[in-house]
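Data block below; observations after.
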Protein chains: 2
Amino acid sequence: MKVVKFGGSSLANSTQVSKVVHIIKADNQRRFVIVSAPGKRFAGDIKVTDLLIQYANATLKGEPSDTITGQIIARYEEIATAFNIPQAAFDQIKTTILNLPHQEYQDDGYLMAAFKAHGEKMNAMLIAQVLKASGINAKFLDPKDAGLVVTDSPDDAEIIPSSYERISEWSDSKLVRVIPGFFGYNDQGQICTFSRGGSDITGAIIARGVHAKRYENFTDVDAIYAANPQVVHHPIAIHNMTFREMRELSYAGFSVFHDEALIPAIQGDIQVVVKNTNHPSERGTSITSHKRVNPAYPVSGIASSPNFCGIYIRKYMLDKKRFSQKILKLLAEYDLSYEHMPSGIDDLTVIMRQDQLTPELEDTLIRELVIALRPDEIHISHNYALLMVVGEGMANRTGIMSKATDALARQNVKLIMVNQGASEISMMFGIKQDEANVAIKALYDTFFPDL
Amino acid sequence: MKVVKFGGSSLANSTQVSKVVHIIKADNQRRFVIVSAPGKRFAGDIKVTDLLIQYANATLKGEPSDTITGQIIARYEEIATAFNIPQAAFDQIKTTILNLPHQEYQDDGYLMAAFKAHGEKMNAMLIAQVLKASGINAKFLDPKDAGLVVTDSPDDAEIIPSSYERISEWSDSKLVRVIPGFFGYNDQGQICTFSRGGSDITGAIIARGVHAKRYENFTDVDAIYAANPQVVHHPIAIHNMTFREMRELSYAGFSVFHDEALIPAIQGDIQVVVKNTNHPSERGTSITSHKRVNPAYPVSGIASSPNFCGIYIRKYMLDKKRFSQKILKLLAEYDLSYEHMPSGIDDLTVIMRQDQLTPELEDTLIRELVIALRPDEIHISHNYALLMVVGEGMANRTGIMSKATDALARQNVKLIMVNQGASEISMMFGIKQDEANVAIKALYDTFFPDL
């Protein structure tokens with residue numbers, strides 16, 4: 001049995017939804033359908049989730065929201081009309097949307113979560129009706145009834161492990177169950193969402209819970225590519241990859257499949273297949289725990305992620321352990337997370353995502369570091385990109401680092417940081433972010449030479 | 001005014017001591033003379049310090065020590081006789097050595113410290129007599145009278161900063177002052193030594209205290225070389241280097257000048273010159289804070305240090321900050337220090353000196369890490385070498401990493417770890433230690449091609 005998830009672009013309008021209907025009809029193993037909210041129909045369009053955020057903000061400010069609700073309802077209405085959904089069913093969706101401001105919420109955070117989640121929830125109700133109207137025995141299943149209990153964090157919830165047992169009770173359901181993605185309920189029955197794009201997570205949780213053979217993640221690309229197609233012209237598709245590879249690549253910017261959605265898939269050892277709603281016959285990308293034997297290329301993918309900064313700290317004869325402990329304590333105090341902390345003999349650099357820091361917070365942090373560490377030198381550098389070269393085939397091969405650094409040197413890309421050794425399947429380079437595209441192209445040409 | 005320090009091999013016997021006399025006579029700026037204990041006269045000889053350790057151990061066990069004291073006294077006697085030292089002066093040295101067991105010591109640690117320190121102390125008294133007998137107006141100066149107050153740690157003391165003011169009072173001494181290296185006194189008046197080889201430290205402390213223009217460190221090599229001469233045939237001499245370079249190289253095994261001795265030199269911004277007692281006219285190696293402009297070679301030196309191990313820890317979606325904090329806390333509990341902690345996305349490796357770990361402690365540590373972190377994978381690998389490529393000329397040049405990794409790849413040296421970016425003047429590679437010599441040769445040939 002398979003769990004299928006459709007992203008926002010796959011459900012953006014009735015044309016897209018009819019492709020979804022075909023896909024579900026084509027394979028009666030597809031018994032759990034997770035849906036996102038309707039996405040963009042064209043460049044410049046507004047996603048329903050973003051309209052709902054506007055709606056929530058207007059509600060919080062007591063501003064009128066008729067125009068926004070009109071836009072939201074129109075998105076569902078176009079689909080409902082195209083598939084001749086019964087008026088009563090559509091009215092229920094419409095009324096629910098209009099009534100959102102009149103529900104009770106614990107606080108503004110929960111209000112926002114509930115508004116956002118209704119993009120998925122209404123879409124799941126609608127798609128269940130669409131499937132029924134198309135002759136499929138389908139039924140809406142609310143995450144609450146599915147057993148999806150999450151931690152009490154309105155916009156960044158995590159699944160509570162005991163949920164899996166409740167979800168597993170749905171395993172032998174004969175109907176097609178349509179479940180909204182992106183959210184669950186805390187133990188008080190309030191809606192809490194996963195992080196943005198979290199419908200992938202719902203899909204993976206359901207797949208693990210019902211012990212699915214496969215989790216198909218339908219999106220709008222034919223596969224995951226070895227490099228960003230906006231940077232490299234026609235990059236090679238990765239048809240098979242491991243969970244570890246996907247994890248390292250998504251860390252560094254491969255956003256096709258949600259990072260956190262990998263965890264339930266790994267825990268349940270469920271094959272994830274990324275496929276294209278628009279070309280469902282394409283192979284797509286299969287992600288499993290199986291390592292490939294003798295891969296054609298040692299490297300699977302090359303990714304780059306911008307907006308990192310590095311705090312360089314030098315102190316002669318530093319006691320690294322005590323020094324690092326003080327730094328970690330300070331970062332914790334300011335609720336900052338760091339990515340890497342490469343150290344030399346008398347210096348270390350704290351690499352972190354710079355969007356965590358305002359100029360004021362940056363000043364405060366540096367000042368506190370000076371007080372705590374009395375360094376000989378301290379400064380912060382901005383606008384780094386982390387460039388990752390990832391591949392199971394890299395383990396136990398010599399010369400990969402040499403090839404990579406040679407390719408970068410020929411393009412005069414300055415290496416601010418090189419980090420290899422923690423993971424055996426990746427190398428990481430810190431570079432200036434305005435050199436990232438040149439770097440990716442150079443590495444792609446090096447590791448995929450005959451393409 | 002200059003501070004000069006002579007190492008053990010420069011004072012091993014009367015032939016060597018006469019070279020020392022010539023060196024001091026040659027320059028009347030050389031007004032503070034720091035001496036080590038007599039070292040080896042030939043391969044297989046025993047250093048006086050090691051004889052004193054035997055003597056201390058025999059004393060602690062209540063075993064007879066006549067043979068050992070005989071050997072010790074004979075070393076001083078050979079020099080005393082050659083320079084016609086007055087019998088009374090020599091008798092004082094002899095009696096002091098024989099009376100060592102009958103002094104009062106706070107505990108065995110202080111006893112050991114005092115026994116060891118007398119190698120230097122007796123030698124300083126002797127050399128003062130030798131200089132006097134050679135027509136130099138010289139006088140023994142005890143570290144206590146010099147003002148050298150240290151922390152209360154019998155075998156790993158550190159200078160107490162207020163000492164510098166007291167030492168500075170000796171600045172305009174007209175005599176040549178002969179000071180034993182290697183030890184100071186705690187505030188109770190007990191002898192505490194620096195770490196082994198710590199006469200270099202005494203020299204640097206005195207140089208800083210008296211505001212010397214230069215600190216000349218006389219040893220038995222013509223210069224510090226760009227690579228270990230036992231590995232590379234006739235490596236190039238480094239005639240000028242910076243404190244930073246010296247620090248990074250000595251971390252990775254360059255032992256000509258004591259690591260900790262750099263701190264007072266840096267603090268006082270005092271030029272350190274490493275020279276050869278046997279060839280005092282050779283330029284030697286000058287170590288200063290001045291960076292060279294346009295150095296001929298971007299790399300100054302290549303060093304390698306064996307006996308590191310790495311604890312690899314993998315956990316999916318680890319929270320690095322909390323994760324690292326737990327690791328540091330555990331290391332602190334077991335009083336272990338780590339050198340580096342490179343991290344990947346879901347994994348990190350703790351690099352540490354493996355001589356800190358017994359097999360039992362290793363098992364305990366791994367068990368505790370498993371309990372604290374619940375990792376998906378953990379294992380320890382032994383016998384790494386850390387290979388350092390160091391040079392002020394590397395900063396802001398691209399292509400150095402590429403050259404280095406290419407050279408290593410051509411020799412099939414597997415890179416277990418690559419760490420660059422914390423320090424701008426060095427790159428660090430983790431390799432198998434049995435590949436270290438091949439690696440050093442390959443890097444030397446690459447960065448010093450026309451030699």
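Every chain in the structure tokens takes a letter, A first, then B, and so on in the order presented; its residues are numbered from 1, and the ligands are numbered from 1 following the presented order.
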
If the cut-off is 6 Å, can you tell me the residues of chain B near chain A, counting only C-alpha atoms? I'd like them as a list in words.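 That gives the following set of residues: Pro342, Ser343, Gly344, Asp347, Leu348, Thr349, Thr398, Gly399, Ser402, Thr405, Asp406, Ala409, Lys414, Ile416, Met417, Val418, Asn419, Gln420, Gly421, Ala422 and Ser423 of chain B.
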
If we count only C-alpha atoms and set the cut-off at 8 Å, which residues sit around Arg30 (chain A), ignoring sequence neighbours fewer than 2 positions away in its own chain? Please answer as a PDB file with all heavy atoms, in the first residue's frame.
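Heads up, here's the output in around-v4.pdb:
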```pdb
ATOM      1  N   MET A   1       0.840  -1.202   0.000  1.00  0.00           N
ATOM      2  CA  MET A   1       0.000   0.000   0.000  1.00  0.00           C
ATOM      3  C   MET A   1       0.880   1.258   0.000  1.00  0.00           C
ATOM      4  O   MET A   1       1.956   1.254   0.593  1.00  0.00           O
ATOM      5  CB  MET A   1      -0.916  -0.071   1.233  1.00  0.00           C
ATOM      6  CG  MET A   1      -1.587   1.165   1.628  1.00  0.00           C
ATOM      7  SD  MET A   1      -0.820   1.686   3.179  1.00  0.00           S
ATOM      8  CE  MET A   1      -1.177   0.268   4.232  1.00  0.00           C
ATOM      9  N   LYS A   2       0.430   2.292  -0.677  1.00  0.00           N
ATOM     10  CA  LYS A   2       1.253   3.493  -0.840  1.00  0.00           C
ATOM     11  C   LYS A   2       0.586   4.721  -0.238  1.00  0.00           C
ATOM     12  O   LYS A   2      -0.636   4.837  -0.250  1.00  0.00           O
ATOM     13  CB  LYS A   2       1.493   3.778  -2.330  1.00  0.00           C
ATOM     14  CG  LYS A   2       2.239   2.672  -3.049  1.00  0.00           C
ATOM     15  CD  LYS A   2       2.288   2.965  -4.543  1.00  0.00           C
ATOM     16  CE  LYS A   2       2.862   1.748  -5.279  1.00  0.00           C
ATOM     17  NZ  LYS A   2       2.644   1.838  -6.734  1.00  0.00           N
ATOM     18  N   VAL A   3       1.420   5.594   0.246  1.00  0.00           N
ATOM     19  CA  VAL A   3       0.957   6.911   0.660  1.00  0.00           C
ATOM     20  C   VAL A   3       1.408   7.893  -0.417  1.00  0.00           C
ATOM     21  O   VAL A   3       2.560   7.842  -0.857  1.00  0.00           O
ATOM     22  CB  VAL A   3       1.551   7.298   2.030  1.00  0.00           C
ATOM     23  CG1 VAL A   3       1.259   8.752   2.369  1.00  0.00           C
ATOM     24  CG2 VAL A   3       1.017   6.365   3.123  1.00  0.00           C
ATOM     25  N   VAL A   4       0.507   8.742  -0.872  1.00  0.00           N
ATOM     26  CA  VAL A   4       0.897   9.739  -1.875  1.00  0.00           C
ATOM     27  C   VAL A   4       0.644  11.135  -1.335  1.00  0.00           C
ATOM     28  O   VAL A   4      -0.334  11.384  -0.631  1.00  0.00           O
ATOM     29  CB  VAL A   4       0.134   9.562  -3.217  1.00  0.00           C
ATOM     30  CG1 VAL A   4       0.629   8.343  -3.955  1.00  0.00           C
ATOM     31  CG2 VAL A   4      -1.361   9.482  -2.989  1.00  0.00           C
ATOM     32  N   ILE A  24      -4.257   8.870  -8.934  1.00  0.00           N
ATOM     33  CA  ILE A  24      -4.831   8.007  -7.892  1.00  0.00           C
ATOM     34  C   ILE A  24      -5.590   6.838  -8.513  1.00  0.00           C
ATOM     35  O   ILE A  24      -5.500   5.701  -8.050  1.00  0.00           O
ATOM     36  CB  ILE A  24      -5.721   8.833  -6.949  1.00  0.00           C
ATOM     37  CG1 ILE A  24      -4.831   9.846  -6.198  1.00  0.00           C
ATOM     38  CG2 ILE A  24      -6.467   7.952  -5.963  1.00  0.00           C
ATOM     39  CD1 ILE A  24      -5.585  10.905  -5.457  1.00  0.00           C
ATOM     40  N   ASP A  27      -3.514   3.560  -9.830  1.00  0.00           N
ATOM     41  CA  ASP A  27      -2.885   2.566  -8.952  1.00  0.00           C
ATOM     42  C   ASP A  27      -3.709   2.448  -7.681  1.00  0.00           C
ATOM     43  O   ASP A  27      -3.698   3.346  -6.834  1.00  0.00           O
ATOM     44  CB  ASP A  27      -1.443   3.012  -8.638  1.00  0.00           C
ATOM     45  CG  ASP A  27      -0.683   1.983  -7.815  1.00  0.00           C
ATOM     46  OD1 ASP A  27      -1.316   1.047  -7.272  1.00  0.00           O
ATOM     47  OD2 ASP A  27       0.547   2.113  -7.712  1.00  0.00           O
ATOM     48  N   ASN A  28      -4.408   1.320  -7.539  1.00  0.00           N
ATOM     49  CA  ASN A  28      -5.296   1.206  -6.382  1.00  0.00           C
ATOM     50  C   ASN A  28      -4.552   0.953  -5.072  1.00  0.00           C
ATOM     51  O   ASN A  28      -5.150   0.820  -4.014  1.00  0.00           O
ATOM     52  CB  ASN A  28      -6.398   0.165  -6.618  1.00  0.00           C
ATOM     53  CG  ASN A  28      -5.833  -1.238  -6.763  1.00  0.00           C
ATOM     54  OD1 ASN A  28      -4.634  -1.474  -6.527  1.00  0.00           O
ATOM     55  ND2 ASN A  28      -6.695  -2.169  -7.171  1.00  0.00           N
ATOM     56  N   PHE A  32      -3.642   6.369   0.794  1.00  0.00           N
ATOM     57  CA  PHE A  32      -3.630   7.552   1.669  1.00  0.00           C
ATOM     58  C   PHE A  32      -3.113   8.729   0.856  1.00  0.00           C
ATOM     59  O   PHE A  32      -2.012   8.668   0.306  1.00  0.00           O
ATOM     60  CB  PHE A  32      -2.764   7.308   2.902  1.00  0.00           C
ATOM     61  CG  PHE A  32      -3.349   6.273   3.814  1.00  0.00           C
ATOM     62  CD1 PHE A  32      -3.071   4.923   3.615  1.00  0.00           C
ATOM     63  CD2 PHE A  32      -4.210   6.643   4.851  1.00  0.00           C
ATOM     64  CE1 PHE A  32      -3.636   3.961   4.434  1.00  0.00           C
ATOM     65  CE2 PHE A  32      -4.769   5.674   5.673  1.00  0.00           C
ATOM     66  CZ  PHE A  32      -4.487   4.327   5.473  1.00  0.00           C
ATOM     67  N   VAL A  33      -3.945   9.762   0.759  1.00  0.00           N
ATOM     68  CA  VAL A  33      -3.619  10.903  -0.082  1.00  0.00           C
ATOM     69  C   VAL A  33      -3.442  12.124   0.822  1.00  0.00           C
ATOM     70  O   VAL A  33      -4.382  12.535   1.498  1.00  0.00           O
ATOM     71  CB  VAL A  33      -4.741  11.174  -1.112  1.00  0.00           C
ATOM     72  CG1 VAL A  33      -4.408  12.400  -1.959  1.00  0.00           C
ATOM     73  CG2 VAL A  33      -4.968   9.950  -1.993  1.00  0.00           C
ATOM     74  N   VAL A 176     -10.122   5.187   0.139  1.00  0.00           N
ATOM     75  CA  VAL A 176      -9.014   6.134  -0.043  1.00  0.00           C
ATOM     76  C   VAL A 176      -9.223   7.270   0.958  1.00  0.00           C
ATOM     77  O   VAL A 176     -10.280   7.888   0.983  1.00  0.00           O
ATOM     78  CB  VAL A 176      -8.977   6.678  -1.489  1.00  0.00           C
ATOM     79  CG1 VAL A 176      -7.988   7.838  -1.599  1.00  0.00           C
ATOM     80  CG2 VAL A 176      -8.640   5.567  -2.475  1.00  0.00           C
TER      81      VAL A 176
END
```

All residues 6 Å or closer to Gly393 (chain B), only C-alpha atoms, same chain fewer than 2 positions away omitted, as a VMD selection string: chain B and resid 298 391 395

Just to be explicit: take each residue in the selection above, keep N, CA, C and O atoms, and write the result as an mmCIF file, in the first residue's frame.
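What landed in again-v7.cif:
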```cif
data_model
loop_
_atom_site.group_PDB
_atom_site.id
_atom_site.type_symbol
_atom_site.label_atom_id
_atom_site.label_comp_id
_atom_site.auth_asym_id
_atom_site.auth_seq_id
_atom_site.Cartn_x
_atom_site.Cartn_y
_atom_site.Cartn_z
ATOM 1 N N PRO B 298 54.877 30.466 -0.319
ATOM 2 C CA PRO B 298 53.685 30.737 0.493
ATOM 3 C C PRO B 298 53.690 29.927 1.782
ATOM 4 O O PRO B 298 53.161 30.355 2.800
ATOM 5 N N GLY B 391 51.970 28.756 6.940
ATOM 6 C CA GLY B 391 52.691 29.834 6.285
ATOM 7 C C GLY B 391 51.894 31.124 6.253
ATOM 8 O O GLY B 391 50.732 31.124 5.856
ATOM 9 N N ALA B 395 47.816 33.152 3.460
ATOM 10 C CA ALA B 395 46.618 33.973 3.610
ATOM 11 C C ALA B 395 46.320 34.667 2.283
ATOM 12 O O ALA B 395 47.216 35.180 1.619
#
```

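Between CA of Ile79 (chain A) and CA of Leu148 (chain A) the separation is 27.4 Å.
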
What lies within 7 Å of Cys192 (chain B) using only C-alpha atoms, ignoring chain neighbours under 4 positions off, as a short mmCIF file (atom, residue, chain, number, x, y, z; two decimals) with N, CA, C and O atoms, in the first residue's frame?
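Result file selection.cif:
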```
data_model
loop_
_atom_site.label_atom_id
_atom_site.label_comp_id
_atom_site.auth_asym_id
_atom_site.auth_seq_id
_atom_site.Cartn_x
_atom_site.Cartn_y
_atom_site.Cartn_z
N TYR B 110 56.40 17.67 45.23
CA TYR B 110 57.36 18.76 45.42
C TYR B 110 58.79 18.24 45.55
O TYR B 110 59.74 18.89 45.12
N ALA B 113 59.92 17.65 42.06
CA ALA B 113 60.19 18.94 41.41
C ALA B 113 61.54 19.50 41.85
O ALA B 113 62.35 19.95 41.02
N ASP B 152 51.07 27.27 42.02
CA ASP B 152 51.38 26.18 42.94
C ASP B 152 51.09 24.82 42.30
O ASP B 152 50.19 24.10 42.72
N SER B 153 51.86 24.48 41.28
CA SER B 153 51.65 23.22 40.57
C SER B 153 53.04 22.64 40.36
O SER B 153 53.79 23.10 39.50
N PRO B 154 53.44 21.63 41.18
CA PRO B 154 54.86 21.27 41.26
C PRO B 154 55.51 20.90 39.93
O PRO B 154 56.69 21.18 39.75
N ASP B 155 54.75 20.28 38.98
CA ASP B 155 55.43 19.87 37.75
C ASP B 155 54.86 20.53 36.49
O ASP B 155 55.16 20.11 35.39
N ALA B 157 54.03 24.32 36.45
CA ALA B 157 53.75 25.65 36.97
C ALA B 157 53.62 26.67 35.85
O ALA B 157 54.06 26.45 34.72
N PHE B 183 62.48 26.29 36.34
CA PHE B 183 61.65 26.31 37.56
C PHE B 183 61.54 27.71 38.16
O PHE B 183 62.30 28.63 37.84
N GLY B 184 60.57 27.82 39.06
CA GLY B 184 60.39 29.00 39.87
C GLY B 184 59.99 28.54 41.27
O GLY B 184 60.13 27.37 41.60
N TYR B 185 59.51 29.49 42.08
CA TYR B 185 59.08 29.13 43.44
C TYR B 185 57.63 29.57 43.61
O TYR B 185 57.24 30.65 43.13
N ASN B 186 56.85 28.72 44.29
CA ASN B 186 55.48 29.16 44.60
C ASN B 186 55.53 30.16 45.77
O ASN B 186 56.60 30.43 46.31
#
```

Close residues, Met241 (chain B) itself excluded, 7 Å, only C-alpha atoms, min 4 positions apart in chain, as a PyMOL selection string: chain B and resi 245-246+286-288

Could you give me, as a list in words, the residues within 8 Å of region 222-229 of chain B, counting only C-alpha atoms and dropping anything in the same chain fewer than 6 positions from it? Pro235, Ile236, Ala237, Ile238, His239, Phe254, Val256, Val274, Lys275, Asn276, His279, Glu282, Arg283, Gly284, Thr285, Ser300, Gly301, Ile302, Ala303, Ile440 and Tyr444 of chain B

Which of region 320-386 of chain B end up as strand (DSSP E or B) when DSSP is run on this backbone - answer as a VMD selection string? chain B and resid 340 343 347 to 353 377 to 386

For Lys432 (chain A), the nearest of the candidates A:Val390, A:Ser305, A:Ile371, A:Ile46, counting only C-alpha atoms: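 For Lys432 (chain A), the nearest of the given residues is A:Ser305.
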